[in-house]
>>> print(open('upload22.cif').read())   # mmCIF, C-alpha atoms
data_my_file
#
loop_
_atom_site.label_atom_id
_atom_site.label_comp_id
_atom_site.auth_asym_id
_atom_site.auth_seq_id
_atom_site.Cartn_x
_atom_site.Cartn_y
_atom_site.Cartn_z
CA MET A 1 17.39 1.22 12.94
CA THR A 2 20.96 2.31 12.34
CA ALA A 3 22.72 0.38 9.63
CA ALA A 4 26.36 -0.68 9.56
CA PHE A 5 26.08 -0.70 5.80
CA VAL A 6 23.46 -0.41 3.08
CA LEU A 7 23.96 -1.62 -0.47
CA GLN A 8 21.30 -0.72 -3.00
CA GLY A 9 21.25 -2.07 -6.53
CA VAL A 10 25.03 -2.33 -6.57
CA SER A 11 26.77 -3.74 -9.63
CA LYS A 12 30.46 -4.15 -10.30
CA HIS A 13 31.70 -5.34 -13.66
CA TYR A 14 35.09 -6.87 -14.27
CA PRO A 15 36.09 -8.41 -17.62
CA GLN A 16 35.78 -11.94 -16.19
CA PHE A 17 33.25 -11.42 -13.42
CA SER A 18 30.22 -9.35 -12.54
CA LEU A 19 28.50 -8.63 -9.28
CA SER A 20 24.95 -7.75 -10.26
CA ASP A 21 22.13 -5.82 -8.69
CA PHE A 22 23.18 -6.44 -5.12
CA SER A 23 21.01 -5.05 -2.29
CA LEU A 24 21.88 -5.92 1.29
CA THR A 25 21.71 -4.23 4.71
CA LEU A 26 23.54 -5.08 7.92
CA PRO A 27 21.90 -3.59 11.04
CA GLU A 28 24.27 -2.14 13.62
CA GLY A 29 25.39 -4.57 16.33
CA GLN A 30 24.90 -7.70 14.26
CA ILE A 31 27.19 -10.36 12.90
CA MET A 32 26.51 -11.47 9.35
CA GLY A 33 28.02 -14.54 7.76
CA LEU A 34 28.54 -14.39 4.02
CA VAL A 35 28.59 -17.83 2.45
CA GLY A 36 29.50 -18.70 -1.10
CA VAL A 37 31.67 -21.11 -3.06
CA ASN A 38 35.05 -19.92 -4.33
CA GLY A 39 34.47 -17.33 -7.03
CA ALA A 40 30.98 -16.39 -5.84
CA GLY A 41 31.99 -12.75 -5.43
CA LYS A 42 32.52 -12.55 -1.67
CA SER A 43 35.85 -10.75 -1.97
CA THR A 44 34.47 -8.32 -4.54
CA LEU A 45 31.65 -7.45 -2.17
CA LEU A 46 34.07 -6.86 0.71
CA ARG A 47 36.32 -4.70 -1.47
CA LEU A 48 33.32 -2.57 -2.43
CA LEU A 49 32.43 -2.13 1.26
CA THR A 50 35.95 -1.07 2.17
CA GLY A 51 36.12 1.47 -0.64
CA LEU A 52 38.97 -0.46 -2.29
CA ALA A 53 36.80 -0.81 -5.38
CA ALA A 54 34.17 1.59 -6.76
CA PRO A 55 30.81 0.21 -7.91
CA SER A 56 29.90 0.37 -11.60
CA SER A 57 26.42 1.45 -10.49
CA GLY A 58 24.25 1.57 -7.38
CA ASP A 59 24.62 3.10 -3.91
CA ILE A 60 26.89 2.09 -1.06
CA GLU A 61 26.66 3.59 2.42
CA VAL A 62 28.97 2.42 5.20
CA LEU A 63 28.54 3.68 8.78
CA GLY A 64 26.57 6.59 7.39
CA HIS A 65 29.21 7.51 4.82
CA ARG A 66 28.65 7.30 1.10
CA LEU A 67 31.28 5.30 -0.76
CA PRO A 68 33.51 5.88 -2.57
CA GLU A 69 33.14 9.66 -2.02
CA ALA A 70 33.48 9.66 1.79
CA GLN A 71 35.82 6.66 1.97
CA VAL A 72 38.45 8.44 4.08
CA ALA A 73 35.98 9.04 6.90
CA ALA A 74 34.53 5.54 6.56
CA LYS A 75 37.91 3.81 6.54
CA ARG A 76 38.79 5.25 9.95
CA LYS A 77 36.00 3.13 11.42
CA ILE A 78 36.35 0.03 9.25
CA GLY A 79 38.62 -2.88 10.05
CA PHE A 80 39.41 -5.09 7.07
CA ALA A 81 41.41 -8.28 7.01
CA ALA A 82 41.87 -10.64 4.08
CA GLU A 83 44.14 -13.62 3.93
CA ASP A 84 46.03 -12.37 0.89
CA MET A 85 47.07 -9.20 2.73
CA ARG A 86 50.79 -8.75 3.00
CA LEU A 87 52.80 -7.88 6.06
CA TYR A 88 56.41 -6.68 5.96
CA ARG A 89 58.25 -9.99 6.12
CA GLY A 90 61.47 -8.58 7.56
CA GLN A 91 59.74 -6.69 10.40
CA THR A 92 58.49 -7.99 13.72
CA LEU A 93 54.87 -8.08 14.81
CA ALA A 94 55.72 -5.40 17.41
CA TRP A 95 56.86 -3.13 14.55
CA HIS A 96 53.52 -3.67 12.77
CA ILE A 97 51.62 -2.97 15.96
CA GLU A 98 53.50 0.30 16.43
CA LEU A 99 52.79 1.28 12.81
CA VAL A 100 49.03 0.74 13.11
CA ARG A 101 48.91 2.34 16.58
CA ARG A 102 50.39 5.56 15.20
CA ILE A 103 47.82 5.77 12.43
CA TYR A 104 44.75 4.99 14.55
CA PRO A 105 44.34 6.96 17.79
CA GLU A 106 41.65 4.52 19.00
CA TRP A 107 44.28 1.75 19.27
CA ASP A 108 43.71 -0.24 22.47
CA SER A 109 47.09 -1.44 23.79
CA ALA A 110 45.64 -3.53 26.62
CA TYR A 111 43.33 -5.33 24.19
CA ALA A 112 46.25 -5.89 21.80
CA ALA A 113 48.28 -7.42 24.63
CA SER A 114 45.44 -9.76 25.59
CA LEU A 115 44.98 -10.81 21.95
CA LEU A 116 48.72 -11.54 21.70
CA ARG A 117 48.36 -13.96 24.61
CA ARG A 118 45.16 -15.52 23.34
CA PHE A 119 46.56 -16.01 19.84
CA ASP A 120 49.84 -17.28 21.28
CA LEU A 121 51.87 -14.90 19.08
CA ARG A 122 55.34 -13.50 19.78
CA ALA A 123 55.63 -9.76 19.21
CA ASP A 124 59.43 -9.92 18.80
CA GLN A 125 59.29 -12.46 15.98
CA SER A 126 59.61 -11.22 12.40
CA VAL A 127 56.43 -12.05 10.52
CA GLY A 128 58.33 -13.68 7.65
CA GLY A 129 58.69 -16.73 9.87
CA PHE A 130 54.99 -16.92 10.76
CA SER A 131 52.89 -19.90 9.74
CA HIS A 132 49.69 -19.30 7.79
CA GLY A 133 47.62 -19.49 10.96
CA GLN A 134 49.90 -17.08 12.82
CA ARG A 135 49.75 -14.62 9.93
CA VAL A 136 45.94 -14.72 9.91
CA LYS A 137 45.84 -14.16 13.66
CA ALA A 138 48.38 -11.32 13.41
CA LEU A 139 46.24 -9.60 10.76
CA LEU A 140 43.18 -10.03 12.92
CA LEU A 141 44.96 -8.62 15.97
CA LEU A 142 46.05 -5.53 14.00
CA CYS A 143 42.41 -5.14 12.99
CA LEU A 144 40.62 -5.89 16.28
CA ALA A 145 42.79 -3.77 18.58
CA ARG A 146 41.73 -0.66 16.66
CA ARG A 147 38.20 -1.43 17.89
CA PRO A 148 36.66 -0.58 14.52
CA GLN A 149 32.91 -0.12 14.33
CA LEU A 150 32.61 -2.40 11.34
CA LEU A 151 34.78 -5.46 10.89
CA LEU A 152 35.01 -6.86 7.38
CA LEU A 153 36.80 -10.19 7.31
CA ASP A 154 37.48 -12.15 4.16
CA GLU A 155 37.66 -15.88 4.94
CA PRO A 156 39.19 -15.42 8.42
CA THR A 157 38.95 -19.12 9.26
CA THR A 158 40.05 -20.64 5.96
CA GLY A 159 43.07 -22.92 6.25
CA LEU A 160 43.25 -22.69 10.05
CA ASP A 161 43.77 -25.69 12.28
CA PRO A 162 40.90 -26.38 14.74
CA VAL A 163 42.62 -24.66 17.67
CA ALA A 164 43.43 -21.49 15.73
CA ARG A 165 39.92 -21.52 14.30
CA ALA A 166 38.40 -21.63 17.79
CA GLU A 167 40.69 -18.78 18.90
CA VAL A 168 39.61 -16.63 15.97
CA LEU A 169 35.90 -17.34 16.51
CA GLU A 170 36.20 -16.62 20.25
CA SER A 171 37.84 -13.28 19.55
CA LEU A 172 34.99 -12.45 17.16
CA ALA A 173 32.41 -13.49 19.77
CA GLU A 174 33.86 -10.88 22.14
CA VAL A 175 33.01 -8.16 19.67
CA LEU A 176 29.35 -9.03 20.40
CA ARG A 177 29.59 -7.37 23.82
CA ASP A 178 29.43 -3.96 22.19
CA GLU A 179 26.05 -3.32 20.60
CA HIS A 180 27.45 -0.67 18.28
CA ARG A 181 29.99 -2.88 16.59
CA SER A 182 29.14 -5.00 13.57
CA VAL A 183 30.87 -7.79 11.71
CA LEU A 184 30.60 -9.17 8.19
CA PHE A 185 32.69 -12.25 7.63
CA SER A 186 32.86 -14.54 4.66
CA SER A 187 33.51 -18.24 4.34
CA HIS A 188 32.93 -21.01 1.86
CA ASN A 189 32.07 -23.16 4.85
CA THR A 190 28.68 -22.84 6.55
CA HIS A 191 29.99 -24.42 9.78
CA ASP A 192 32.37 -21.52 10.34
CA VAL A 193 29.71 -18.84 10.17
CA GLU A 194 26.80 -20.79 11.63
CA GLN A 195 27.48 -20.49 15.34
CA LEU A 196 28.22 -16.77 15.61
CA SER A 197 26.07 -15.20 12.94
CA ASP A 198 22.79 -13.40 13.56
CA SER A 199 22.06 -13.38 9.87
CA ILE A 200 23.33 -15.37 6.94
CA SER A 201 23.66 -14.33 3.32
CA PHE A 202 24.18 -16.80 0.51
CA MET A 203 25.80 -15.60 -2.67
CA HIS A 204 26.55 -17.39 -5.91
CA GLN A 205 27.91 -16.24 -9.27
CA GLY A 206 27.84 -12.60 -8.26
CA ARG A 207 24.26 -12.62 -7.04
CA LEU A 208 22.64 -12.63 -3.61
CA LEU A 209 20.57 -15.82 -3.42
CA ALA A 210 19.12 -15.39 0.06
CA SER A 211 19.66 -13.35 3.18
CA ALA A 212 17.81 -13.81 6.47
CA ASP A 213 18.09 -14.27 10.22
CA LYS A 214 19.81 -17.56 10.88
CA GLU A 215 16.93 -18.86 12.99
CA ARG A 216 14.48 -18.02 10.24
CA PHE A 217 16.50 -19.98 7.72
CA LEU A 218 16.43 -23.01 9.99
CA ASP A 219 12.70 -22.56 10.72
CA GLU A 220 11.67 -22.21 7.10
CA TRP A 221 13.31 -25.26 5.60
CA ARG A 222 12.25 -28.90 5.99
CA ARG A 223 13.25 -32.19 4.42
CA VAL A 224 10.36 -34.60 4.01
CA LEU A 225 10.58 -38.30 3.19
CA CYS A 226 7.43 -39.87 1.81
CA VAL A 227 6.16 -42.78 -0.25
CA GLY A 228 3.58 -42.91 -3.02
CA ASP A 229 3.19 -41.72 -6.60
CA VAL A 230 4.30 -38.16 -7.13
CA PRO A 231 1.56 -36.20 -8.87
CA ASP A 232 2.75 -33.78 -11.60
CA ALA A 233 0.99 -30.94 -9.85
CA LEU A 234 3.47 -31.18 -6.98
CA ASP A 235 6.22 -29.46 -8.99
CA ALA A 236 4.05 -26.36 -9.20
CA TRP A 237 3.95 -25.92 -5.41
CA PRO A 238 5.87 -22.75 -4.64
CA GLU A 239 7.21 -24.19 -1.37
CA LEU A 240 8.87 -27.18 -3.07
CA VAL A 241 12.50 -26.55 -3.95
CA GLN A 242 13.88 -30.00 -4.62
CA ARG A 243 12.44 -33.42 -5.32
CA ARG A 244 14.35 -36.64 -5.82
CA ALA A 245 14.00 -40.37 -5.41
CA ALA A 246 15.74 -41.92 -2.42
CA GLY A 247 15.28 -45.66 -2.91
CA SER A 248 11.58 -46.39 -2.75
CA GLN A 249 11.06 -43.13 -0.93
CA ILE A 250 10.77 -39.62 -2.28
CA GLU A 251 12.81 -36.83 -0.73
CA LEU A 252 11.24 -33.38 -0.83
CA LYS A 253 12.88 -30.17 0.33
CA PHE A 254 10.63 -27.28 1.24
CA ARG A 255 11.31 -23.62 1.75
CA ARG A 256 8.71 -21.45 3.53
CA TRP A 257 7.50 -24.47 5.49
CA GLN A 258 3.84 -24.39 6.57
CA ASP A 259 2.36 -26.62 9.23
CA ASP A 260 -0.42 -27.71 6.88
CA LEU A 261 2.02 -29.15 4.31
CA PRO A 262 1.92 -32.76 5.65
CA GLU A 263 -1.85 -32.67 5.35
CA ARG A 264 -1.66 -31.30 1.81
CA LEU A 265 0.83 -34.03 0.86
CA ALA A 266 -1.57 -36.65 2.20
CA GLN A 267 -4.36 -35.13 0.11
CA VAL A 268 -2.38 -35.65 -3.10
CA GLY A 269 -1.69 -39.27 -2.18
CA LEU A 270 1.74 -39.10 -0.56
CA SER A 271 2.28 -40.79 2.78
CA VAL A 272 4.75 -38.83 4.91
CA GLN A 273 7.38 -41.01 6.63
CA ARG A 274 9.40 -38.36 8.38
CA ILE A 275 9.98 -34.62 8.55
CA ASP A 276 13.37 -33.22 9.56
CA PRO A 277 14.84 -29.77 9.94
CA MET A 278 17.79 -29.12 7.64
CA THR A 279 21.34 -28.07 8.41
CA LEU A 280 22.53 -24.72 7.17
CA GLU A 281 24.93 -26.54 4.83
CA ASP A 282 22.10 -28.53 3.28
CA ILE A 283 20.04 -25.34 2.96
CA PHE A 284 22.96 -23.59 1.25
CA VAL A 285 23.64 -26.41 -1.23
CA THR A 286 19.94 -26.72 -2.02
CA THR A 287 19.64 -22.95 -2.49
CA VAL A 288 22.64 -22.84 -4.83
CA ARG A 289 21.29 -25.74 -6.91
CA ALA A 290 17.88 -24.08 -7.13
CA GLY A 291 19.49 -20.67 -7.65
CA GLY A 292 18.91 -20.44 -11.39
CA ARG A 293 15.16 -20.90 -11.09
CA GLN A 294 13.86 -18.96 -8.11
CA MET B 1 22.91 -24.24 19.90
CA TYR B 2 19.54 -22.75 20.76
CA GLN B 3 18.38 -25.88 22.60
CA GLN B 4 21.72 -26.02 24.43
CA ILE B 5 21.19 -22.53 25.85
CA VAL B 6 17.63 -23.34 26.91
CA ASP B 7 18.75 -26.62 28.52
CA GLN B 8 21.67 -25.02 30.35
CA ILE B 9 19.57 -22.28 31.88
CA THR B 10 16.73 -24.64 32.77
CA ALA B 11 19.21 -27.04 34.41
CA ARG B 12 20.82 -24.27 36.47
CA VAL B 13 17.47 -22.96 37.65
CA MET B 14 16.24 -26.45 38.55
CA ALA B 15 19.45 -27.28 40.41
CA GLY B 16 19.09 -24.06 42.38
CA ASP B 17 22.42 -22.65 41.10
CA TRP B 18 20.46 -19.67 39.96
CA ALA B 19 18.06 -18.57 42.66
CA PRO B 20 14.65 -17.00 42.00
CA GLY B 21 15.06 -13.27 41.44
CA GLN B 22 18.72 -13.60 40.47
CA SER B 23 19.83 -11.59 37.46
CA LEU B 24 20.79 -13.43 34.31
CA PRO B 25 23.71 -12.32 32.17
CA SER B 26 22.65 -9.87 29.48
CA ILE B 27 21.95 -11.35 26.06
CA ARG B 28 25.13 -9.88 24.64
CA GLU B 29 27.21 -11.00 27.58
CA LEU B 30 25.99 -14.60 27.34
CA ALA B 31 26.46 -14.54 23.55
CA ALA B 32 30.04 -13.30 23.93
CA THR B 33 31.01 -15.81 26.62
CA SER B 34 29.36 -18.81 24.99
CA GLY B 35 30.33 -17.87 21.43
CA VAL B 36 26.76 -18.08 20.20
CA SER B 37 25.04 -15.44 18.12
CA VAL B 38 22.99 -12.73 19.81
CA ILE B 39 19.87 -13.75 17.92
CA THR B 40 20.12 -17.34 19.19
CA VAL B 41 20.45 -16.27 22.83
CA LYS B 42 17.67 -13.74 22.37
CA ARG B 43 15.35 -16.41 21.07
CA ALA B 44 16.25 -18.76 23.91
CA TYR B 45 15.46 -16.00 26.45
CA GLU B 46 12.14 -15.25 24.74
CA ASP B 47 11.10 -18.89 24.89
CA LEU B 48 12.23 -19.23 28.51
CA GLU B 49 10.20 -16.15 29.33
CA ARG B 50 7.14 -17.55 27.57
CA ALA B 51 7.56 -20.74 29.60
CA GLY B 52 7.78 -18.67 32.79
CA VAL B 53 11.33 -19.77 33.71
CA ILE B 54 12.67 -16.24 33.54
CA SER B 55 11.10 -12.83 33.42
CA THR B 56 12.32 -9.70 31.73
CA ARG B 57 11.77 -6.21 32.98
CA HIS B 58 12.20 -3.60 30.32
CA GLY B 59 15.55 -1.90 30.65
CA LYS B 60 16.51 -4.00 33.67
CA GLY B 61 17.43 -7.26 32.00
CA SER B 62 16.23 -10.76 32.81
CA VAL B 63 15.89 -12.46 36.17
CA VAL B 64 15.08 -16.00 37.22
CA SER B 65 11.34 -16.28 37.78
CA GLU B 66 10.04 -16.25 41.35
CA ARG B 67 8.19 -19.45 40.52
CA PRO B 68 11.00 -21.97 39.92
CA ASP B 69 8.54 -24.80 39.21
CA HIS B 70 8.21 -23.30 35.73
CA ALA B 71 11.62 -24.77 34.90
CA ARG B 72 10.19 -28.16 35.79
CA GLY B 73 7.19 -27.47 33.58
CA LEU B 74 9.48 -26.76 30.65
CA LEU B 75 11.33 -30.05 31.08
CA ASP B 76 7.96 -31.77 31.45
CA HIS B 77 6.92 -30.32 28.12
CA HIS B 78 10.22 -31.43 26.59
CA LEU B 79 9.63 -34.99 27.81
CA ASP B 80 6.14 -34.95 26.29
CA LEU B 81 7.61 -33.95 22.93
CA GLN B 82 10.17 -36.75 23.07
CA LEU B 83 7.54 -39.31 24.02
CA THR B 84 5.28 -38.12 21.20
CA GLU B 85 8.17 -38.63 18.82
CA ALA B 86 8.86 -42.09 20.22
CA ALA B 87 5.19 -42.97 19.80
CA ALA B 88 5.31 -41.90 16.16
CA THR B 89 8.39 -44.05 15.51
CA ALA B 90 6.70 -46.99 17.22
CA ALA B 91 3.66 -46.52 14.97
CA ARG B 92 5.89 -46.68 11.90
CA LEU B 93 7.38 -49.91 13.24
CA GLY B 94 3.87 -51.23 13.74
CA LEU B 95 4.31 -51.68 17.50
CA ASP B 96 1.18 -51.69 19.61
CA ARG B 97 0.81 -49.97 22.96
CA GLU B 98 1.82 -53.07 24.91
CA ARG B 99 5.05 -53.58 22.90
CA LEU B 100 6.02 -49.93 23.25
CA HIS B 101 5.63 -50.18 27.02
CA GLN B 102 7.82 -53.27 27.02
CA ARG B 103 10.49 -51.50 24.98
CA LEU B 104 10.56 -48.58 27.41
CA ASP B 105 10.86 -50.97 30.35
CA ALA B 106 13.67 -52.79 28.54
CA VAL B 107 15.59 -49.54 28.11
CA LEU B 108 15.20 -48.73 31.80
CA ASP B 109 16.23 -52.24 32.85
CA THR B 110 19.24 -52.71 30.59
CA ASN B 111 20.86 -49.35 31.25
CA PRO B 112 22.58 -49.68 34.65
CA ASP B 113 23.26 -45.91 34.75
CA ALA B 114 19.63 -45.00 34.22
CA PRO B 115 18.58 -42.87 37.18
CA LEU B 116 15.13 -44.40 37.03
CA ARG B 117 15.01 -47.75 38.80
CA ALA B 118 11.98 -49.90 39.40
CA ALA B 119 9.15 -48.08 41.15
CA SER B 120 9.67 -49.87 44.50
CA ALA B 121 13.32 -48.69 44.77
CA SER B 122 12.47 -45.02 44.34
CA ALA B 123 9.72 -45.37 46.92
CA VAL B 124 12.29 -46.63 49.45
CA ASP B 125 14.61 -43.74 48.62
CA ALA B 126 11.81 -41.27 49.20
CA GLY B 127 11.04 -42.87 52.55
CA HIS B 128 14.52 -42.19 53.95
CA PRO B 129 15.22 -38.90 55.66
CA PRO B 130 17.11 -36.85 53.08
CA ALA B 131 20.27 -36.47 55.19
CA THR B 132 21.12 -40.17 55.22
CA THR B 133 21.17 -40.67 51.47
CA PRO B 134 24.31 -38.65 50.70
CA HIS B 135 26.16 -40.43 53.53
CA SER B 136 25.41 -43.89 52.23
CA ARG B 137 26.45 -42.79 48.71
CA LYS B 138 29.77 -41.51 49.97
CA GLY B 139 30.35 -44.87 51.59
CA THR B 140 29.94 -46.79 48.35
CA ASP B 141 32.19 -44.38 46.45
CA ARG B 142 35.23 -45.30 48.53
#
>>> encode(input="upload22.cif", output="structure tokens")
Amino acid sequence: MTAAFVLQGVSKHYPQFSLSDFSLTLPEGQIMGLVGVNGAGKSTLLRLLTGLAAPSSGDIEVLGHRLPEAQVAAKRKIGFAAEDMRLYRGQTLAWHIELVRRIYPEWDSAYAASLLRRFDLRADQSVGGFSHGQRVKALLLLCLARRPQLLLLDEPTTGLDPVARAEVLESLAEVLRDEHRSVLFSSHNTHDVEQLSDSISFMHQGRLLASADKERFLDEWRRVLCVGDVPDALDAWPELVQRRAAGSQIELKFRRWQDDLPERLAQVGLSVQRIDPMTLEDIFVTTVRAGGRQ
Amino acid sequence: MYQQIVDQITARVMAGDWAPGQSLPSIRELAATSGVSVITVKRAYEDLERAGVISTRHGKGSVVSERPDHARGLLDHHLDLQLTEAAATAARLGLDRERLHQRLDAVLDTNPDAPLRAASASAVDAGHPPATTPHSRKGTDR
């Protein structure tokens, strides 16, 4: 398996924030959604992967290049867009396109033209007059038309109206056609990453809480409603992540769901009322709340 | 999203839009056009293959199975699952077999758009030569 990137035991310490002991791999050709609340460390992680920040310890390899040593070679094949990136306010989008085209020989003019139409952007307009959504789409266009092998996008859908959001997600979906291109994109919103992502990583307070194929996440978690007296022994079950009263019923959330669990619940005197799969958002919130005690 | 992909493909095969032996879009192509992750489409294809609706030849992609009745079998299975679920809900409500039957009949009777009419009506439909049915429908549309 070729990897788009490999992080091994990576830490990055800032005075106010630390990313600790982070190990994560993205296989080539996959889209990974990185979900975390504001301040979880998503931007720090992306900056480490782009070579914009050096790790305090640990190993980072991107597209076969070790960072930060081989960052020049890696950066040629990485596309990075973050919403706080600045464009030259007094210049037009066409001027920015020309600038990037001269730096990157892989620039695809036909693709850039089609993205202009899809994003409904005017190349002759100076970017100072762009709305937030237009600026995000302009940044994405400058990134996508280089056809980078690894796209790193920091909150590409945050603050976008529903139409712009759909346009951005559709343009990302197109990247899927090429099995050698990979995407890591972050969001504080599970809905934004859910549809497109092959794998999902949850991070919180600088740590990786969970990372797995999206389908596996959804398969492994269940919410169970039951009635009866909860035996103390139940809290020791490794599969049980959360337990709380919901009226006269008891709500249990399980990770690593096993088909024999309803039977085992019946054996300890709990009568199962219903079993439901959980949404990714519910899984994320439950994981964050349980994060301290894994 | 996964179920949507499975349903769409099954529906197209059953309707004959996709003929037996016809090539399906590649996993990546379908993922890109429908905006769904590769892993989701891949899983849908694997399940459709297991159900016999499509078959995959290594390196050649997937084609619609030569036995299109498999698509019907898959829907059949889906209906069984839904009925099992309905039976479980009925049990929680304390309904007996008789009451559950009545409730199902009530749903069929009260919903004027339900394609399933009383048994006698469908028998009449089946008795007509197929060509006349579309004609009579066109007439009522106008």
>>> resolve_selection(input="upload22.cif", expression="the PyMOL selection byres ((chain A and resi 276-292) around 10)", output="ChimeraX atom specification")
/A:35-37,189-191,193-194,200-205,207-210,214-215,217-225,241-242,253-255,274-275,293-294
>>> interface_residues(input="upload22.cif", of="chain A", to="chain B", cutoff="6 Å", atoms="all atoms listed in the file", output="number ranges by chain")
A: 173-174, 176-177, 195-198
>>> atom_distance(input="upload22.cif", atom1="CA of Val6 (chain A)", atom2="CA of Leu49 (chain A)")
9.3 Å
>>> atom_distance(input="upload22.cif", atom1="CA of Ile250 (chain A)", atom2="CA of Gly94 (chain B)")
21.0 Å
>>> residues_around(input="upload22.cif", residues="Val53 (chain B)", least_positions_apart="2", cutoff="12 Å", atoms="only C-alpha atoms", output="NGL selection string")
:B and (6-7 or 9-14 or 18-22 or 24 or 44-51 or 55-56 or 62-75)
>>> resolve_selection(input="upload22.cif", expression="the PyMOL selection byres ((chain A and resi 84-100) around 6)", output="number ranges by chain")
A: 82-83, 101-103, 123-128
>>> axis_aligned_box(input="upload22.cif", around="region 88-101 of chain B", padding_each_side="6 Å", output="lines of an AutoDock Vina configuration file")
center_x = 4.6
center_y = -47.7
center_z = 19.5
size_x = 19.6
size_y = 23.7
size_z = 27.1
>>> closest_residue(input="upload22.cif", among="A:Asp21, A:Asp108, A:Asp120, A:Asp161", to="Leu144 (chain A)", atoms="all atoms listed in the file")
A:Asp108
>>> atom_distance(input="upload22.cif", atom1="CA of Pro262 (chain A)", atom2="CA of Leu93 (chain B)")
19.5 Å
>>> residues_around(input="upload22.cif", residues="Gly79 (chain A)", least_positions_apart="3", cutoff="7 Å", atoms="all atoms listed in the file", output="ChimeraX atom specification")
/A:143,148,150-152
>>> closest_residue(input="upload22.cif", among="A:Leu52, A:Leu45, A:Leu265, A:Ala212", to="Ala233 (chain A)", atoms="only C-alpha atoms")
A:Leu265
>>> residues_near_point(input="upload22.cif", point="(51.3, -10.4, 25.2)", cutoff="12 Å", atoms="only C-alpha atoms", output="number ranges by chain")
A: 93-94, 97, 109-124, 141
>>> write_last_selection(input="upload22.cif", atoms="C-alpha atoms", output="PDB file, in the frame of the given file")
ATOM      1  CA  LEU A  93      54.870  -8.080  14.810  1.00  0.00           C
ATOM      2  CA  ALA A  94      55.720  -5.400  17.410  1.00  0.00           C
ATOM      3  CA  ILE A  97      51.620  -2.970  15.960  1.00  0.00           C
ATOM      4  CA  SER A 109      47.090  -1.440  23.790  1.00  0.00           C
ATOM      5  CA  ALA A 110      45.640  -3.530  26.620  1.00  0.00           C
ATOM      6  CA  TYR A 111      43.330  -5.330  24.190  1.00  0.00           C
ATOM      7  CA  ALA A 112      46.250  -5.890  21.800  1.00  0.00           C
ATOM      8  CA  ALA A 113      48.280  -7.420  24.630  1.00  0.00           C
ATOM      9  CA  SER A 114      45.440  -9.760  25.590  1.00  0.00           C
ATOM     10  CA  LEU A 115      44.980 -10.810  21.950  1.00  0.00           C
ATOM     11  CA  LEU A 116      48.720 -11.540  21.700  1.00  0.00           C
ATOM     12  CA  ARG A 117      48.360 -13.960  24.610  1.00  0.00           C
ATOM     13  CA  ARG A 118      45.160 -15.520  23.340  1.00  0.00           C
ATOM     14  CA  PHE A 119      46.560 -16.010  19.840  1.00  0.00           C
ATOM     15  CA  ASP A 120      49.840 -17.280  21.280  1.00  0.00           C
ATOM     16  CA  LEU A 121      51.870 -14.900  19.080  1.00  0.00           C
ATOM     17  CA  ARG A 122      55.340 -13.500  19.780  1.00  0.00           C
ATOM     18  CA  ALA A 123      55.630  -9.760  19.210  1.00  0.00           C
ATOM     19  CA  ASP A 124      59.430  -9.920  18.800  1.00  0.00           C
ATOM     20  CA  LEU A 141      44.960  -8.620  15.970  1.00  0.00           C
TER      21      LEU A 141
END
>>> resolve_selection(input="upload22.cif", expression="the PyMOL selection byres ((chain A and resi 18) around 10)", output="PyMOL selection string")
chain A and resi 11-17+19-21+40-41+44+56+205-207
>>> residues_around(input="upload22.cif", residues="Ala70 (chain A)", least_positions_apart="5", cutoff="10 Å", atoms="all atoms listed in the file", output="ChimeraX atom specification")
/A:51,61-62,64-65,75
>>> build_atoms(input="upload22.cif", residues="region 282-288 of chain A", atoms="N, CA, C and O atoms", output="PDB file, in the frame of the given file")
ATOM      1  N   ASP A 282      23.066 -27.939   4.205  1.00  0.00           N
ATOM      2  CA  ASP A 282      22.100 -28.530   3.280  1.00  0.00           C
ATOM      3  C   ASP A 282      21.246 -27.428   2.642  1.00  0.00           C
ATOM      4  O   ASP A 282      20.965 -27.451   1.447  1.00  0.00           O
ATOM      5  N   ILE A 283      20.845 -26.457   3.464  1.00  0.00           N
ATOM      6  CA  ILE A 283      20.040 -25.340   2.960  1.00  0.00           C
ATOM      7  C   ILE A 283      20.826 -24.558   1.904  1.00  0.00           C
ATOM      8  O   ILE A 283      20.317 -24.200   0.844  1.00  0.00           O
ATOM      9  N   PHE A 284      22.109 -24.340   2.190  1.00  0.00           N
ATOM     10  CA  PHE A 284      22.960 -23.590   1.250  1.00  0.00           C
ATOM     11  C   PHE A 284      23.095 -24.331  -0.076  1.00  0.00           C
ATOM     12  O   PHE A 284      22.868 -23.762  -1.140  1.00  0.00           O
ATOM     13  N   VAL A 285      23.453 -25.620   0.000  1.00  0.00           N
ATOM     14  CA  VAL A 285      23.640 -26.410  -1.230  1.00  0.00           C
ATOM     15  C   VAL A 285      22.343 -26.455  -2.032  1.00  0.00           C
ATOM     16  O   VAL A 285      22.335 -26.265  -3.255  1.00  0.00           O
ATOM     17  N   THR A 286      21.230 -26.662  -1.343  1.00  0.00           N
ATOM     18  CA  THR A 286      19.940 -26.720  -2.020  1.00  0.00           C
ATOM     19  C   THR A 286      19.600 -25.377  -2.678  1.00  0.00           C
ATOM     20  O   THR A 286      19.096 -25.320  -3.797  1.00  0.00           O
ATOM     21  N   THR A 287      19.911 -24.294  -1.959  1.00  0.00           N
ATOM     22  CA  THR A 287      19.640 -22.950  -2.490  1.00  0.00           C
ATOM     23  C   THR A 287      20.477 -22.682  -3.739  1.00  0.00           C
ATOM     24  O   THR A 287      19.975 -22.164  -4.740  1.00  0.00           O
ATOM     25  N   VAL A 288      21.766 -23.067  -3.673  1.00  0.00           N
ATOM     26  CA  VAL A 288      22.640 -22.840  -4.830  1.00  0.00           C
ATOM     27  C   VAL A 288      22.136 -23.635  -6.036  1.00  0.00           C
ATOM     28  O   VAL A 288      22.056 -23.126  -7.147  1.00  0.00           O
TER      29      VAL A 288
END
